[in-house]
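Listing of run-v4.txt, compact mmCIF, C-alpha atoms
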```txt
# COMPACT_ATOMS: atom_id res chain seq x y z
CA MET A 1 -55.66 -17.15 4.16
CA THR A 2 -56.30 -14.06 6.26
CA GLU A 3 -55.71 -10.77 4.46
CA PHE A 4 -52.82 -8.72 5.87
CA ILE A 5 -53.96 -5.30 7.08
CA PRO A 6 -51.08 -3.07 8.31
CA ARG A 7 -51.62 -1.35 11.62
CA ASN A 8 -50.79 2.25 12.32
CA ILE A 9 -47.95 2.22 14.85
CA GLY A 10 -47.78 5.94 15.56
CA GLY A 11 -47.03 7.77 12.35
CA LYS A 12 -43.64 8.56 10.87
CA ASN A 13 -41.30 11.33 9.76
CA CYS A 14 -38.98 10.07 7.04
CA ASP A 15 -36.59 13.02 7.41
CA LEU A 16 -35.63 12.30 11.02
CA PRO A 17 -32.08 10.93 11.53
CA LEU A 18 -31.56 7.51 13.02
CA GLY A 19 -31.26 7.73 16.78
CA TRP A 20 -30.60 4.19 17.90
CA ASP A 21 -27.58 2.93 19.78
CA LYS A 22 -24.57 1.96 17.65
CA TYR A 23 -23.85 -1.73 17.37
CA PRO A 24 -20.11 -2.17 18.12
CA ASN A 25 -19.30 -5.05 15.76
CA PHE A 26 -19.16 -5.44 11.99
CA ASP A 27 -22.24 -7.04 10.47
CA TYR A 28 -24.21 -7.18 7.25
CA LEU A 29 -26.95 -4.67 6.50
CA VAL A 30 -30.45 -6.08 6.93
CA ARG A 31 -33.33 -5.51 4.55
CA THR A 32 -36.00 -4.23 6.92
CA HIS A 33 -39.76 -4.57 6.77
CA THR A 34 -42.56 -2.13 7.67
CA GLY A 35 -41.98 -2.42 11.41
CA ASP A 36 -45.47 -3.77 11.94
CA ILE A 37 -45.69 -6.35 14.72
CA ASP A 38 -47.91 -8.63 12.64
CA TYR A 39 -45.81 -8.45 9.46
CA PRO A 40 -46.47 -11.78 7.68
CA PHE A 41 -42.98 -13.03 6.88
CA GLU A 42 -44.29 -16.37 5.62
CA GLU A 43 -46.65 -14.71 3.17
CA VAL A 44 -44.48 -11.86 1.95
CA CYS A 45 -40.72 -12.07 2.41
CA ARG A 46 -38.36 -12.64 5.28
CA PRO A 47 -35.57 -10.17 6.25
CA GLU A 48 -32.38 -10.95 4.35
CA LEU A 49 -28.76 -9.96 4.77
CA GLN A 50 -27.97 -7.21 2.27
CA ALA A 51 -24.68 -8.43 0.73
CA LYS A 52 -24.72 -6.07 -2.28
CA ILE A 53 -25.33 -2.35 -1.79
CA LEU A 54 -26.23 0.31 -4.36
CA ALA A 55 -25.90 3.94 -3.29
CA ASP A 56 -25.37 7.26 -5.03
CA ASP A 57 -23.04 8.67 -2.37
CA ILE A 58 -21.39 7.26 0.75
CA ASN A 59 -19.89 9.40 3.50
CA VAL A 60 -17.57 7.41 5.79
CA VAL A 61 -16.78 9.02 9.14
CA ASN A 62 -13.95 6.76 10.27
CA ASN A 63 -12.36 3.73 8.57
CA VAL A 64 -13.06 1.54 5.55
CA ASN A 65 -11.89 -2.08 5.74
CA VAL A 66 -11.76 -3.80 2.35
CA GLY A 67 -11.51 -7.59 2.17
CA GLY A 68 -11.52 -7.78 -1.62
CA ASN A 69 -10.95 -5.59 -4.65
CA VAL A 70 -11.82 -1.92 -5.08
CA THR A 71 -12.93 -0.89 -8.58
CA ALA A 72 -13.61 2.67 -9.70
CA SER A 73 -14.30 4.00 -13.18
CA THR A 74 -13.01 7.43 -12.18
CA PHE A 75 -11.50 8.99 -9.09
CA THR A 76 -12.04 12.66 -8.21
CA GLY A 77 -11.14 12.69 -4.53
CA THR A 78 -8.18 14.12 -2.67
CA ILE A 79 -6.09 11.06 -1.84
CA ASN A 80 -2.42 11.96 -1.61
CA VAL A 81 -2.79 15.37 -3.26
CA GLN A 82 0.88 16.17 -2.57
CA SER A 83 1.91 12.97 -4.39
CA TRP A 84 4.06 11.99 -1.42
CA LYS A 85 4.10 8.28 -0.59
CA GLY A 86 4.32 7.39 3.06
CA PHE A 87 2.90 5.65 6.09
CA ASP A 88 1.62 6.64 9.53
CA ILE A 89 1.77 4.15 12.42
CA LYS A 90 1.49 4.00 16.19
CA HIS A 91 4.78 5.09 17.75
CA PRO A 92 6.80 2.03 18.82
CA ASN A 93 8.03 3.47 22.14
CA LYS A 94 6.20 6.74 22.97
CA PRO A 95 2.70 6.38 24.44
CA ASN A 96 0.02 8.51 22.74
CA HIS A 97 2.35 9.34 19.83
CA ARG A 98 2.46 8.37 16.18
CA LEU A 99 5.25 8.02 13.63
CA ARG A 100 5.06 9.24 10.04
CA HIS A 101 7.62 8.61 7.27
CA ILE A 102 7.68 9.62 3.62
CA CYS A 103 9.12 7.21 1.04
CA LEU A 104 12.31 8.03 -0.82
CA GLU A 105 11.68 8.76 -4.50
CA GLY A 106 13.75 8.11 -7.58
CA PRO A 107 13.61 7.78 -11.38
CA GLU A 108 13.74 3.98 -11.39
CA ALA A 109 12.28 0.87 -9.85
CA ALA A 110 15.13 -0.33 -7.64
CA VAL A 111 15.92 -2.73 -4.80
CA TYR A 112 18.59 -2.66 -2.13
CA ILE A 113 20.33 -4.64 0.57
CA ARG A 114 22.47 -3.33 3.41
CA GLY A 115 24.52 -4.76 6.25
CA ARG A 116 27.94 -4.93 7.90
CA LEU A 117 31.06 -6.54 6.47
CA SER A 118 33.62 -7.60 9.12
CA ASN A 119 36.83 -9.63 8.66
CA ASN A 120 35.67 -10.46 5.17
CA ASN A 121 35.91 -8.87 1.75
CA ILE A 122 32.95 -10.44 -0.09
CA ILE A 123 29.37 -9.17 -0.17
CA ASN A 124 27.16 -11.97 -1.44
CA LEU A 125 24.06 -10.70 -3.21
CA PRO A 126 20.71 -12.50 -2.68
CA ASP A 127 19.91 -15.40 -4.98
CA TYR A 128 16.57 -13.83 -5.85
CA TRP A 129 18.39 -10.86 -7.42
CA LYS A 130 19.22 -13.08 -10.40
CA GLY A 131 16.63 -12.23 -13.03
CA LEU A 132 15.23 -9.45 -10.84
CA ILE A 133 17.90 -6.77 -11.25
CA ASP A 134 20.10 -5.46 -14.05
CA PRO A 135 23.69 -6.35 -12.99
CA GLU A 136 25.02 -3.36 -14.92
CA THR A 137 23.17 -0.97 -12.57
CA ILE A 138 24.68 -2.25 -9.29
CA THR A 139 26.11 0.50 -7.09
CA VAL A 140 27.87 0.06 -3.75
CA HIS A 141 28.20 2.48 -0.83
CA LEU A 142 30.77 1.67 1.89
CA THR A 143 31.16 3.31 5.31
CA GLN A 144 34.35 2.28 7.12
CA ILE A 145 34.09 1.68 10.89
CA GLY A 146 36.61 2.67 13.52
CA TYR A 147 39.64 3.55 11.39
CA THR A 148 40.72 4.46 7.88
CA GLN A 149 40.72 1.43 5.61
CA ASP A 150 40.94 3.01 2.14
CA LEU A 151 38.16 0.76 0.83
CA ILE A 152 37.34 0.28 -2.84
CA VAL A 153 35.10 -2.02 -4.86
CA ASP A 154 37.61 -4.31 -6.53
CA LYS A 155 35.13 -6.08 -8.82
CA ILE A 156 31.59 -7.41 -9.12
CA GLU A 157 31.43 -11.03 -10.24
CA TRP A 158 28.47 -12.22 -12.35
CA GLY A 159 26.11 -9.86 -10.56
CA GLN A 160 26.23 -12.21 -7.57
CA LYS A 161 29.13 -11.14 -5.37
CA ILE A 162 31.02 -7.92 -4.70
CA ILE A 163 34.72 -8.05 -3.89
CA ILE A 164 35.93 -5.30 -1.53
CA LYS A 165 39.60 -4.34 -1.23
CA SER A 166 41.54 -2.36 1.40
CA ASN A 167 44.30 -0.39 -0.31
CA ASN A 168 46.26 0.02 2.91
CA GLY A 169 46.01 -3.66 3.85
CA THR A 170 43.96 -3.20 7.03
CA THR A 171 41.23 -5.53 8.24
CA ILE A 172 37.91 -4.67 6.63
CA ASP A 173 35.11 -3.52 8.92
CA CYS A 174 32.41 -1.45 7.23
CA TYR A 175 28.74 -0.89 6.65
CA TYR A 176 27.52 -1.41 3.09
CA GLU A 177 24.50 -0.55 1.01
CA VAL A 178 23.99 -2.08 -2.43
CA LYS A 179 21.34 -0.87 -4.88
CA ALA A 180 20.31 -2.03 -8.33
CA ALA A 181 17.55 -1.27 -10.83
CA ARG A 182 14.99 -3.97 -11.54
CA ILE A 183 15.10 -5.60 -14.95
CA ASP A 184 11.66 -7.28 -14.96
CA GLY A 185 9.80 -4.43 -16.64
CA GLU A 186 10.22 -1.53 -19.00
CA GLN A 187 12.34 1.45 -18.03
CA LEU A 188 10.40 4.19 -16.27
CA ILE A 189 9.57 7.21 -18.43
CA VAL A 190 10.23 9.96 -15.89
CA GLU A 191 8.94 12.96 -17.85
CA TYR A 192 6.14 12.85 -20.39
CA GLU A 193 3.55 15.13 -21.97
CA GLY A 194 0.03 14.87 -20.59
CA GLU A 195 -2.62 16.18 -18.21
CA THR A 196 -3.29 13.01 -16.14
CA PRO A 197 -1.56 9.66 -15.46
CA LYS A 198 -3.79 8.24 -18.22
CA ASP A 199 -1.48 9.99 -20.70
CA TYR A 200 1.57 7.96 -19.61
CA PRO A 201 3.17 6.73 -22.87
CA GLY A 202 4.56 3.51 -21.41
CA ASP A 203 3.01 0.37 -19.96
CA SER A 204 0.68 1.60 -17.21
CA SER A 205 -0.24 -1.96 -16.20
CA GLN A 206 2.95 -2.31 -14.14
CA PHE A 207 2.24 0.74 -11.99
CA SER A 208 -0.29 1.64 -9.31
CA ILE A 209 -0.38 5.42 -9.03
CA SER A 210 -1.64 6.75 -5.69
CA GLY A 211 -4.50 9.20 -6.10
CA TYR A 212 -5.33 7.93 -9.60
CA ASP A 213 -5.65 4.15 -9.64
CA TYR A 214 -7.19 4.04 -6.13
```
Starting from the coordinates I provided, produce the structure as structure tokens.
Amino acid sequence: MTEFIPRNIGGKNCDLPLGWDKYPNFDYLVRTHTGDIDYPFEEVCRPELQAKILADDINVVNNVNVGGNVTASTFTGTINVQSWKGFDIKHPNKPNHRLRHICLEGPEAAVYIRGRLSNNNIINLPDYWKGLIDPETITVHLTQIGYTQDLIVDKIEWGQKIIIKSNNGTTIDCYYEVKAARIDGEQLIVEYEGETPKDYPGDSSQFSISGYDY
């Protein structure tokens, strides 16, 4: 077997930045070789796709797309430093505009439904609410449409249907919003003593806290 003798291909400066054209598509990193034209792949090792990466620091200029899980022992960044929870999307009807909303906050884990009730006096709650919400926490907001109807919640049956009544006997036509607290978890501890979310005295496994867990 002929001995491999590397050729000098013009010297190098290891501190120079990369200056090649950017490849537009996603791809795996490649384990490179010396760059020598006569590099003996058969005798040494062939280039391989680098599926696992170890690095001390990574600076991402644009986006990070994650197809699996993200695990971190600690987080010291500045994600969501205001603790607001929201989203930012392309505007649905204004070119070159975006739309940002902030989520409504409250001292409980709750769900809601809303809709319009016309020529009827019964709001049927979703079947999946059974076992999901605490029936004792159901609240109802009614907005009458068109004329005064003197609406009241007559009764809530079995946590499955809400009976609406018009005290002046008019036809019911209203918007409704029904909210209820979830029952499939412990009650949220709103205020607690501590320096970080790690000090939360309840079951932290049922929460994902922005800026701390990810």
Inset, instruction - Identify which of the residues A:Lys90, A:Lys161, A:Lys130, A:Arg182 lies closest to Pro107 of chain A, counting all atoms listed in the file when measuring atom-to-atom distances. - result: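 So, comparing all the options, the nearest one is A:Arg182.
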Legend entry - Atomic distance atom CA of Asp184 of chain A - atom CA of Ala109 of chain A, expressed in Å with one decimal: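 Here the two named atoms are 9.6 Å from each other.
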Inset, instruction - Kindly indicate which residue among A:Asp150, A:Glu157, A:Glu193, A:Glu177 lies nearest to Val111 of chain A, using only C-alpha atoms for the distances. - result: A:Glu177
Legend entry - Long-range neighbours of segment 135-145 of chain A as a count of residues only, 7 Å cut-off, all atoms listed in the file, 6 positions minimum in chain: 10
Inset, instruction - Would you kindly return, as an NGL selection string, each protein, DNA or RNA residue with an atom no farther than 10 Å from any atom of Thr170 of chain A, considering only C-alpha atoms and excluding same-chain residues fewer than 5 positions away? - result: :A and (119 or 147-151 or 165)
Legend entry - Proximity to Asp134 of chain A - best of A:Gly68, A:Gly202, A:Gly185, A:Pro92, only C-alpha atoms: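 The closest residue to Asp134 of chain A is A:Gly185.
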Inset, instruction - Compare A:Ile102, A:Gln160, A:Ile189, A:Ile152 by their minimum atom-to-atom distance to Tyr128 of chain A, counting only C-alpha atoms, and give me the closest one. - result: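 So, comparing all the options, the nearest one is A:Gln160.
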Inset, instruction - For atom CA of Asn59 of chain A and atom CA of Tyr23 of chain A, determine how far apart the two atoms are, in Å to one decimal place. - result: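 Going from atom CA of Asn59 of chain A over to atom CA of Tyr23 of chain A, I get 18.2 Å.
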Inset, instruction - Could you jot down the atom CA of Leu117 of chain A to atom CA of Ile172 of chain A separation for me, Å, one decimal place? - result: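 Taking atom CA of Leu117 of chain A as the start and atom CA of Ile172 of chain A as the end point, the length is 7.1 Å.
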Legend entry - Shell of 7 Å around segment 153-155 of chain A, all atoms listed in the file, local chain residues under 6 positions omitted, as a list in words: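 Listed by chain and then number, they are Ile162, Ile163, Ile164 and Lys165 of chain A.
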